[in-house]
file structure-v4.cif (mmCIF, C-alpha atoms)
data_input
loop_
_atom_site.group_PDB
_atom_site.id
_atom_site.type_symbol
_atom_site.label_atom_id
_atom_site.label_comp_id
_atom_site.auth_asym_id
_atom_site.auth_seq_id
_atom_site.Cartn_x
_atom_site.Cartn_y
_atom_site.Cartn_z
ATOM 1 C CA MET A 881 6.258 16.157 2.820
ATOM 2 C CA ALA A 882 5.755 15.761 6.531
ATOM 3 C CA VAL A 883 8.719 13.517 7.385
ATOM 4 C CA GLN A 884 9.293 13.576 11.136
ATOM 5 C CA PRO A 885 12.286 12.502 13.252
ATOM 6 C CA VAL A 886 11.966 8.948 14.590
ATOM 7 C CA ARG A 887 12.466 8.460 18.326
ATOM 8 C CA LEU A 888 15.406 6.206 19.145
ATOM 9 C CA PHE A 889 15.878 3.380 21.635
ATOM 10 C CA GLY A 890 16.058 4.862 25.120
ATOM 11 C CA ASP A 891 13.289 7.424 24.599
ATOM 12 C CA PRO A 892 10.652 6.806 27.322
ATOM 13 C CA VAL A 893 7.738 7.197 24.866
ATOM 14 C CA LEU A 894 8.806 3.885 23.292
ATOM 15 C CA ARG A 895 8.249 2.087 26.615
ATOM 16 C CA THR A 896 4.830 3.573 27.398
ATOM 17 C CA ARG A 897 1.473 2.062 26.450
ATOM 18 C CA ALA A 898 -0.187 4.406 23.968
ATOM 19 C CA ALA A 899 -3.649 5.851 24.558
ATOM 20 C CA GLU A 900 -6.710 4.851 22.544
ATOM 21 C CA VAL A 901 -7.698 7.249 19.776
ATOM 22 C CA VAL A 902 -11.041 8.872 20.555
ATOM 23 C CA ASP A 903 -11.212 11.603 17.892
ATOM 24 C CA PHE A 904 -11.203 10.615 14.237
ATOM 25 C CA ASP A 905 -10.454 14.105 12.990
ATOM 26 C CA LYS A 906 -8.133 16.087 10.743
ATOM 27 C CA GLU A 907 -5.309 15.795 13.273
ATOM 28 C CA LEU A 908 -5.538 12.001 13.113
ATOM 29 C CA ARG A 909 -5.469 12.108 9.302
ATOM 30 C CA ASN A 910 -2.386 14.360 9.485
ATOM 31 C CA LEU A 911 -0.749 11.893 11.863
ATOM 32 C CA VAL A 912 -1.450 8.970 9.510
ATOM 33 C CA ARG A 913 0.011 10.994 6.632
ATOM 34 C CA ASP A 914 3.127 11.892 8.649
ATOM 35 C CA LEU A 915 3.593 8.259 9.680
ATOM 36 C CA ALA A 916 3.278 7.031 6.086
ATOM 37 C CA GLU A 917 5.640 9.672 4.692
ATOM 38 C CA THR A 918 8.228 9.094 7.427
ATOM 39 C CA MET A 919 8.043 5.298 7.030
ATOM 40 C CA THR A 920 8.473 5.612 3.264
ATOM 41 C CA HIS A 921 11.311 8.131 3.565
ATOM 42 C CA ASP A 922 13.179 5.982 6.103
ATOM 43 C CA GLY A 923 12.557 2.713 4.223
ATOM 44 C CA GLY A 924 10.567 1.002 6.963
ATOM 45 C CA ALA A 925 7.998 -1.774 6.745
ATOM 46 C CA GLY A 926 5.881 -0.118 9.443
ATOM 47 C CA LEU A 927 5.867 2.809 11.852
ATOM 48 C CA ALA A 928 3.868 3.428 15.033
ATOM 49 C CA ALA A 929 2.808 6.820 16.402
ATOM 50 C CA PRO A 930 4.966 6.476 19.570
ATOM 51 C CA GLN A 931 8.007 6.328 17.292
ATOM 52 C CA LEU A 932 7.189 9.930 16.344
ATOM 53 C CA GLY A 933 6.683 10.820 20.009
ATOM 54 C CA ILE A 934 2.886 10.694 19.831
ATOM 55 C CA SER A 935 1.442 8.267 22.346
ATOM 56 C CA LEU A 936 -1.646 7.183 20.406
ATOM 57 C CA ARG A 937 -2.638 3.719 19.177
ATOM 58 C CA VAL A 938 -2.016 4.218 15.452
ATOM 59 C CA PHE A 939 0.408 2.606 13.031
ATOM 60 C CA VAL A 940 1.069 2.404 9.312
ATOM 61 C CA TYR A 941 2.436 -0.565 7.381
ATOM 62 C CA ARG A 942 3.467 -1.674 3.936
ATOM 63 C CA GLY A 943 1.057 -4.363 2.803
ATOM 64 C CA ASP A 944 1.776 -7.375 0.656
ATOM 65 C CA ASP A 945 0.102 -7.574 -2.716
ATOM 66 C CA PRO A 946 0.424 -10.570 -5.062
ATOM 67 C CA SER A 947 1.206 -8.138 -7.911
ATOM 68 C CA GLY A 948 4.408 -7.116 -6.148
ATOM 69 C CA GLU A 949 2.978 -3.784 -5.059
ATOM 70 C CA HIS A 950 3.378 -2.693 -1.454
ATOM 71 C CA PRO A 951 0.387 -0.468 -0.697
ATOM 72 C CA ILE A 952 0.502 1.478 2.540
ATOM 73 C CA GLY A 953 -2.200 0.738 5.090
ATOM 74 C CA HIS A 954 -2.907 1.928 8.592
ATOM 75 C CA LEU A 955 -4.746 0.777 11.700
ATOM 76 C CA VAL A 956 -6.175 2.800 14.575
ATOM 77 C CA ASN A 957 -6.766 1.118 17.963
ATOM 78 C CA PRO A 958 -5.800 -2.325 16.612
ATOM 79 C CA VAL A 959 -6.545 -5.619 18.327
ATOM 80 C CA VAL A 960 -4.514 -8.581 17.060
ATOM 81 C CA GLU A 961 -5.665 -12.193 17.088
ATOM 82 C CA VAL A 962 -3.229 -15.033 16.411
ATOM 83 C CA VAL A 963 -4.378 -17.570 13.807
ATOM 84 C CA GLY A 964 -3.034 -21.076 14.431
ATOM 85 C CA GLU A 965 0.020 -22.210 16.341
ATOM 86 C CA GLU A 966 2.686 -21.826 13.643
ATOM 87 C CA THR A 967 5.566 -19.456 14.245
ATOM 88 C CA GLN A 968 8.287 -18.017 12.062
ATOM 89 C CA ASP A 969 11.872 -17.017 12.777
ATOM 90 C CA GLY A 970 13.430 -14.275 10.734
ATOM 91 C CA PRO A 971 15.428 -11.078 10.754
ATOM 92 C CA GLU A 972 13.686 -8.103 12.274
ATOM 93 C CA GLY A 973 14.784 -4.502 12.577
ATOM 94 C CA CYS A 974 13.263 -1.258 13.775
ATOM 95 C CA LEU A 975 13.500 2.379 12.717
ATOM 96 C CA SER A 976 13.961 3.206 16.422
ATOM 97 C CA ILE A 977 17.009 0.900 16.518
ATOM 98 C CA PRO A 978 18.517 1.955 13.178
ATOM 99 C CA GLY A 979 20.934 -0.194 11.234
ATOM 100 C CA LEU A 980 20.581 -3.267 13.446
ATOM 101 C CA ALA A 981 18.560 -6.483 13.068
ATOM 102 C CA TRP A 982 18.338 -9.864 14.765
ATOM 103 C CA ASP A 983 16.301 -13.021 14.267
ATOM 104 C CA CYS A 984 13.019 -12.823 16.146
ATOM 105 C CA ARG A 985 10.228 -15.374 16.516
ATOM 106 C CA ARG A 986 6.707 -14.234 15.617
ATOM 107 C CA HIS A 987 3.392 -15.902 14.856
ATOM 108 C CA LEU A 988 3.041 -16.878 11.207
ATOM 109 C CA GLN A 989 -0.562 -15.667 10.802
ATOM 110 C CA VAL A 990 -2.612 -12.953 12.496
ATOM 111 C CA VAL A 991 -5.822 -11.014 12.012
ATOM 112 C CA ALA A 992 -5.829 -7.381 13.100
ATOM 113 C CA ARG A 993 -9.059 -5.494 13.649
ATOM 114 C CA GLY A 994 -9.336 -1.779 14.209
ATOM 115 C CA TRP A 995 -10.448 1.369 12.424
ATOM 116 C CA ASN A 996 -9.187 3.552 9.634
ATOM 117 C CA GLN A 997 -8.510 7.266 9.985
ATOM 118 C CA HIS A 998 -12.194 8.033 9.300
ATOM 119 C CA GLY A 999 -13.504 5.732 12.044
ATOM 120 C CA GLU A 1000 -14.607 2.938 9.706
ATOM 121 C CA PRO A 1001 -13.918 -0.686 10.771
ATOM 122 C CA VAL A 1002 -10.922 -2.426 9.170
ATOM 123 C CA GLU A 1003 -9.764 -6.041 9.240
ATOM 124 C CA VAL A 1004 -6.296 -7.040 8.002
ATOM 125 C CA HIS A 1005 -5.215 -10.661 7.498
ATOM 126 C CA GLY A 1006 -1.461 -11.019 7.709
ATOM 127 C CA THR A 1007 0.815 -13.951 6.982
ATOM 128 C CA GLN A 1008 4.598 -14.162 7.058
ATOM 129 C CA ARG A 1009 6.065 -10.664 6.510
ATOM 130 C CA LEU A 1010 2.819 -8.761 7.026
ATOM 131 C CA ALA A 1011 2.047 -10.793 10.167
ATOM 132 C CA ARG A 1012 5.511 -9.891 11.490
ATOM 133 C CA VAL A 1013 4.979 -6.187 10.774
ATOM 134 C CA ILE A 1014 1.527 -6.116 12.399
ATOM 135 C CA GLN A 1015 2.861 -7.804 15.541
ATOM 136 C CA HIS A 1016 5.925 -5.526 15.663
ATOM 137 C CA GLU A 1017 3.884 -2.321 15.323
ATOM 138 C CA THR A 1018 1.199 -3.437 17.776
ATOM 139 C CA ASP A 1019 3.992 -4.164 20.265
ATOM 140 C CA HIS A 1020 5.134 -0.538 19.861
ATOM 141 C CA LEU A 1021 1.661 0.604 20.904
ATOM 142 C CA ASP A 1022 2.048 -1.439 24.101
ATOM 143 C CA GLY A 1023 5.532 -0.110 24.905
ATOM 144 C CA VAL A 1024 7.221 -3.352 23.824
ATOM 145 C CA LEU A 1025 10.265 -3.408 21.533
ATOM 146 C CA PHE A 1026 11.183 -6.385 19.397
ATOM 147 C CA ILE A 1027 14.404 -6.880 21.357
ATOM 148 C CA ASP A 1028 12.174 -7.801 24.322
ATOM 149 C CA ARG A 1029 11.058 -10.840 22.293
ATOM 150 C CA LEU A 1030 14.570 -12.126 21.532
ATOM 151 C CA ASP A 1031 15.947 -15.172 23.318
ATOM 152 C CA PRO A 1032 18.171 -14.193 26.291
ATOM 153 C CA GLN A 1033 21.487 -14.835 24.530
ATOM 154 C CA THR A 1034 20.497 -12.882 21.411
ATOM 155 C CA ARG A 1035 19.074 -10.055 23.537
ATOM 156 C CA LYS A 1036 22.377 -9.777 25.426
ATOM 157 C CA HIS A 1037 24.249 -9.591 22.111
ATOM 158 C CA ALA A 1038 21.707 -7.056 20.770
ATOM 159 C CA MET A 1039 22.110 -4.788 23.795
ATOM 160 C CA ARG A 1040 25.888 -4.837 23.363
ATOM 161 C CA GLU A 1041 25.499 -3.817 19.691
ATOM 162 C CA ILE A 1042 22.975 -1.103 20.595
ATOM 163 C CA ARG A 1043 25.335 0.397 23.202
ATOM 164 C CA GLN A 1044 28.085 0.493 20.540
ATOM 165 C CA ALA A 1045 25.876 2.115 17.864
ATOM 166 C CA HIS A 1046 26.873 5.664 16.871
ATOM 167 C CA TRP A 1047 23.371 6.942 17.659
ATOM 168 C CA PHE A 1048 23.117 5.390 21.150
ATOM 169 C CA GLY A 1049 22.832 7.990 23.902
ATOM 170 C CA ALA A 1050 22.247 10.806 21.435
ATOM 171 C CA VAL A 1051 20.295 13.752 22.744
ATOM 172 C CA PRO A 1052 16.619 12.851 22.291
ATOM 173 C CA PRO A 1053 14.638 15.067 19.921
ATOM 174 C CA VAL A 1054 12.522 17.864 21.311
ATOM 175 C CA VAL A 1055 9.211 16.510 22.554
ATOM 176 C CA LYS A 1056 6.343 17.738 20.410
ATOM 177 C CA LEU A 1057 3.062 17.605 22.290
ATOM 178 C CA SER A 1058 0.211 16.011 20.431
ATOM 179 C CA PRO A 1059 -2.869 18.103 19.733
ATOM 180 C CA HIS A 1060 -4.964 14.953 20.193
ATOM 181 C CA PRO A 1061 -6.863 14.667 23.455
ATOM 182 C CA LEU A 1062 -5.409 11.999 25.721
ATOM 183 C CA LEU A 1063 -7.861 10.387 28.089
ATOM 184 C CA GLY A 1064 -10.296 13.255 27.548
ATOM 185 C CA LYS A 1065 -7.737 16.035 28.135
ATOM 186 C CA VAL A 1066 -5.793 18.103 25.648
ATOM 187 C CA ARG A 1067 -2.124 18.339 26.602
#
call {"tool": "encode", "arguments": {"input": "structure-v4.cif", "output": "structure tokens"}}
result
Amino acid sequence: MAVQPVRLFGDPVLRTRAAEVVDFDKELRNLVRDLAETMTHDGGAGLAAPQLGISLRVFVYRGDDPSGEHPIGHLVNPVVEVVGEETQDGPEGCLSIPGLAWDCRRHLQVVARGWNQHGEPVEVHGTQRLARVIQHETDHLDGVLFIDRLDPQTRKHAMREIRQAHWFGAVPPVVKLSPHPLLGKVR
């Protein structure tokens, strides 16, 4: 298994817009695998590359299947389009803010377009839970956390709970540089 430590609230990588993926190579496939294994291990509904300290526009998610299965999917360089005006309120949490959740408003339906790990086009239609996950993970790629979307009173309460969490202020994990080229340069 390639389970990786998840970056926690306060880590600057979570507030930085991730770079577009330009190389659909073995390293990208390894990243997708690590994301999926870490998400599964930690019991998440989704996980974005910045949460592993890798500032690339990639995320994995648990899909919804009418049979009750939850297949794991992924999107590279996603673009999300809202479908309709309906919104939903519901509890939302984040592996980067462990053990805490608050009600957050999201669009009820979205369509996400991007690529898979092999560079082939992908389109995902999400409603309810899957729409929430797609929006949450795409926000991560833009440096936005779900607490930014809470109403002011709830956000104030959330920040108080975060500051009281046992993990808050913990020493951030060692930064692991990505082997993926960023903006044409290898770091």
call {"tool": "residues_around", "arguments": {"input": "structure-v4.cif", "residues": "range 959-964 of chain A", "least_positions_apart": "3", "cutoff": "6 Å", "atoms": "only C-alpha atoms", "output": "list in words"}}
result
Gln989, Val990, Val991, Ala992 and Arg993 of chain A
call {"tool": "atom_distance", "arguments": {"input": "structure-v4.cif", "atom1": "CA of Gln931 in chain A", "atom2": "CA of Ala1045 in chain A"}}
result
18.4 Å
call {"tool": "axis_aligned_box", "arguments": {"input": "structure-v4.cif", "around": "range 1028-1035 of chain A", "padding_each_side": "5 Å", "output": "AutoDock Vina command-line options"}}
result
--center_x 16.3 --center_y -11.5 --center_z 23.9 --size_x 20.4 --size_y 17.4 --size_z 14.9
call {"tool": "resolve_selection", "arguments": {"input": "structure-v4.cif", "expression": "the PyMOL selection byres ((chain A and resi 1014-1021) around 9)", "output": "count of residues only"}}
result
41
call {"tool": "closest_residue", "arguments": {"input": "structure-v4.cif", "among": "A:Phe904, A:Cys984, A:Gly994, A:Thr1007", "to": "Ala1038 in chain A", "atoms": "only C-alpha atoms"}}
result
A:Cys984
call {"tool": "decode", "arguments": {"input": "structure-v4.cif", "residues": "range 892-931 of chain A", "atoms": "N, CA and C atoms", "output": "mmCIF file, in the first residue's frame"}}
result
data_model
loop_
_atom_site.group_PDB
_atom_site.id
_atom_site.type_symbol
_atom_site.label_atom_id
_atom_site.label_comp_id
_atom_site.auth_asym_id
_atom_site.auth_seq_id
_atom_site.Cartn_x
_atom_site.Cartn_y
_atom_site.Cartn_z
ATOM 1 N N PRO A 892 0.412 25.468 4.265
ATOM 2 C CA PRO A 892 0.245 26.404 3.138
ATOM 3 C C PRO A 892 -0.154 25.756 1.820
ATOM 4 N N VAL A 893 0.218 24.493 1.586
ATOM 5 C CA VAL A 893 -0.127 23.840 0.316
ATOM 6 C C VAL A 893 -1.646 23.772 0.138
ATOM 7 N N LEU A 894 -2.387 23.747 1.243
ATOM 8 C CA LEU A 894 -3.848 23.665 1.158
ATOM 9 C C LEU A 894 -4.482 24.988 0.736
ATOM 10 N N ARG A 895 -3.717 26.065 0.761
ATOM 11 C CA ARG A 895 -4.232 27.387 0.394
ATOM 12 C C ARG A 895 -3.638 27.907 -0.911
ATOM 13 N N THR A 896 -3.009 27.016 -1.669
ATOM 14 C CA THR A 896 -2.347 27.394 -2.917
ATOM 15 C C THR A 896 -3.048 26.732 -4.092
ATOM 16 N N ARG A 897 -3.288 27.500 -5.161
ATOM 17 C CA ARG A 897 -3.887 26.915 -6.359
ATOM 18 C C ARG A 897 -2.913 25.925 -6.964
ATOM 19 N N ALA A 898 -3.382 24.725 -7.228
ATOM 20 C CA ALA A 898 -2.542 23.662 -7.780
ATOM 21 C C ALA A 898 -2.289 23.884 -9.275
ATOM 22 N N ALA A 899 -1.164 23.382 -9.727
ATOM 23 C CA ALA A 899 -0.764 23.503 -11.132
ATOM 24 C C ALA A 899 -1.456 22.451 -11.989
ATOM 25 N N GLU A 900 -1.673 22.798 -13.248
ATOM 26 C CA GLU A 900 -2.248 21.859 -14.218
ATOM 27 C C GLU A 900 -1.277 20.694 -14.425
ATOM 28 N N VAL A 901 -1.815 19.517 -14.616
ATOM 29 C CA VAL A 901 -1.003 18.354 -14.959
ATOM 30 C C VAL A 901 -0.672 18.451 -16.445
ATOM 31 N N VAL A 902 0.596 18.272 -16.776
ATOM 32 C CA VAL A 902 1.002 18.310 -18.182
ATOM 33 C C VAL A 902 1.557 16.964 -18.656
ATOM 34 N N ASP A 903 1.994 16.132 -17.728
ATOM 35 C CA ASP A 903 2.542 14.818 -18.085
ATOM 36 C C ASP A 903 1.652 13.711 -17.542
ATOM 37 N N PHE A 904 1.093 12.938 -18.444
ATOM 38 C CA PHE A 904 0.259 11.798 -18.075
ATOM 39 C C PHE A 904 1.151 10.557 -18.119
ATOM 40 N N ASP A 905 1.929 10.392 -17.057
ATOM 41 C CA ASP A 905 2.973 9.379 -17.033
ATOM 42 C C ASP A 905 2.822 8.450 -15.832
ATOM 43 N N LYS A 906 3.835 7.630 -15.626
ATOM 44 C CA LYS A 906 3.818 6.672 -14.519
ATOM 45 C C LYS A 906 3.720 7.381 -13.175
ATOM 46 N N GLU A 907 4.372 8.516 -13.040
ATOM 47 C CA GLU A 907 4.315 9.264 -11.780
ATOM 48 C C GLU A 907 2.891 9.722 -11.478
ATOM 49 N N LEU A 908 2.161 10.129 -12.498
ATOM 50 C CA LEU A 908 0.760 10.514 -12.298
ATOM 51 C C LEU A 908 -0.061 9.297 -11.873
ATOM 52 N N ARG A 909 0.157 8.170 -12.519
ATOM 53 C CA ARG A 909 -0.572 6.946 -12.140
ATOM 54 C C ARG A 909 -0.248 6.542 -10.704
ATOM 55 N N ASN A 910 1.012 6.707 -10.294
ATOM 56 C CA ASN A 910 1.384 6.427 -8.897
ATOM 57 C C ASN A 910 0.681 7.389 -7.940
ATOM 58 N N LEU A 911 0.582 8.644 -8.329
ATOM 59 C CA LEU A 911 -0.113 9.629 -7.506
ATOM 60 C C LEU A 911 -1.582 9.259 -7.347
ATOM 61 N N VAL A 912 -2.242 8.905 -8.442
ATOM 62 C CA VAL A 912 -3.653 8.501 -8.380
ATOM 63 C C VAL A 912 -3.809 7.291 -7.462
ATOM 64 N N ARG A 913 -2.907 6.334 -7.580
ATOM 65 C CA ARG A 913 -2.951 5.151 -6.706
ATOM 66 C C ARG A 913 -2.778 5.541 -5.238
ATOM 67 N N ASP A 914 -1.798 6.399 -4.949
ATOM 68 C CA ASP A 914 -1.564 6.838 -3.574
ATOM 69 C C ASP A 914 -2.774 7.581 -3.022
ATOM 70 N N LEU A 915 -3.375 8.438 -3.846
ATOM 71 C CA LEU A 915 -4.568 9.167 -3.412
ATOM 72 C C LEU A 915 -5.701 8.200 -3.078
ATOM 73 N N ALA A 916 -5.937 7.231 -3.959
ATOM 74 C CA ALA A 916 -7.030 6.277 -3.744
ATOM 75 C C ALA A 916 -6.784 5.431 -2.494
ATOM 76 N N GLU A 917 -5.558 4.959 -2.312
ATOM 77 C CA GLU A 917 -5.259 4.117 -1.156
ATOM 78 C C GLU A 917 -5.326 4.909 0.142
ATOM 79 N N THR A 918 -4.868 6.155 0.123
ATOM 80 C CA THR A 918 -4.933 6.993 1.321
ATOM 81 C C THR A 918 -6.376 7.340 1.651
ATOM 82 N N MET A 919 -7.164 7.713 0.631
ATOM 83 C CA MET A 919 -8.583 8.028 0.853
ATOM 84 C C MET A 919 -9.301 6.831 1.457
ATOM 85 N N THR A 920 -9.076 5.656 0.895
ATOM 86 C CA THR A 920 -9.729 4.440 1.385
ATOM 87 C C THR A 920 -9.296 4.139 2.817
ATOM 88 N N HIS A 921 -8.007 4.199 3.066
ATOM 89 C CA HIS A 921 -7.467 3.920 4.402
ATOM 90 C C HIS A 921 -8.046 4.864 5.449
ATOM 91 N N ASP A 922 -8.166 6.157 5.090
ATOM 92 C CA ASP A 922 -8.623 7.163 6.044
ATOM 93 C C ASP A 922 -10.143 7.335 6.062
ATOM 94 N N GLY A 923 -10.854 6.572 5.205
ATOM 95 C CA GLY A 923 -12.312 6.606 5.212
ATOM 96 C C GLY A 923 -12.921 7.858 4.607
ATOM 97 N N GLY A 924 -12.236 8.465 3.659
ATOM 98 C CA GLY A 924 -12.742 9.686 3.038
ATOM 99 C C GLY A 924 -13.653 9.412 1.860
ATOM 100 N N ALA A 925 -14.378 10.454 1.452
ATOM 101 C CA ALA A 925 -15.229 10.392 0.268
ATOM 102 C C ALA A 925 -14.482 10.923 -0.945
ATOM 103 N N GLY A 926 -13.379 11.622 -0.710
ATOM 104 C CA GLY A 926 -12.551 12.174 -1.772
ATOM 105 C C GLY A 926 -11.229 12.621 -1.185
ATOM 106 N N LEU A 927 -10.251 12.838 -2.053
ATOM 107 C CA LEU A 927 -8.941 13.317 -1.611
ATOM 108 C C LEU A 927 -8.254 13.979 -2.795
ATOM 109 N N ALA A 928 -7.728 15.179 -2.574
ATOM 110 C CA ALA A 928 -7.050 15.940 -3.624
ATOM 111 C C ALA A 928 -5.540 15.895 -3.412
ATOM 112 N N ALA A 929 -4.792 15.969 -4.501
ATOM 113 C CA ALA A 929 -3.332 15.895 -4.448
ATOM 114 C C ALA A 929 -2.714 16.897 -3.462
ATOM 115 N N PRO A 930 -3.196 18.155 -3.372
ATOM 116 C CA PRO A 930 -2.601 19.065 -2.390
ATOM 117 C C PRO A 930 -2.686 18.545 -0.947
ATOM 118 N N GLN A 931 -3.669 17.705 -0.673
ATOM 119 C CA GLN A 931 -3.784 17.156 0.678
ATOM 120 C C GLN A 931 -2.655 16.178 0.995
#
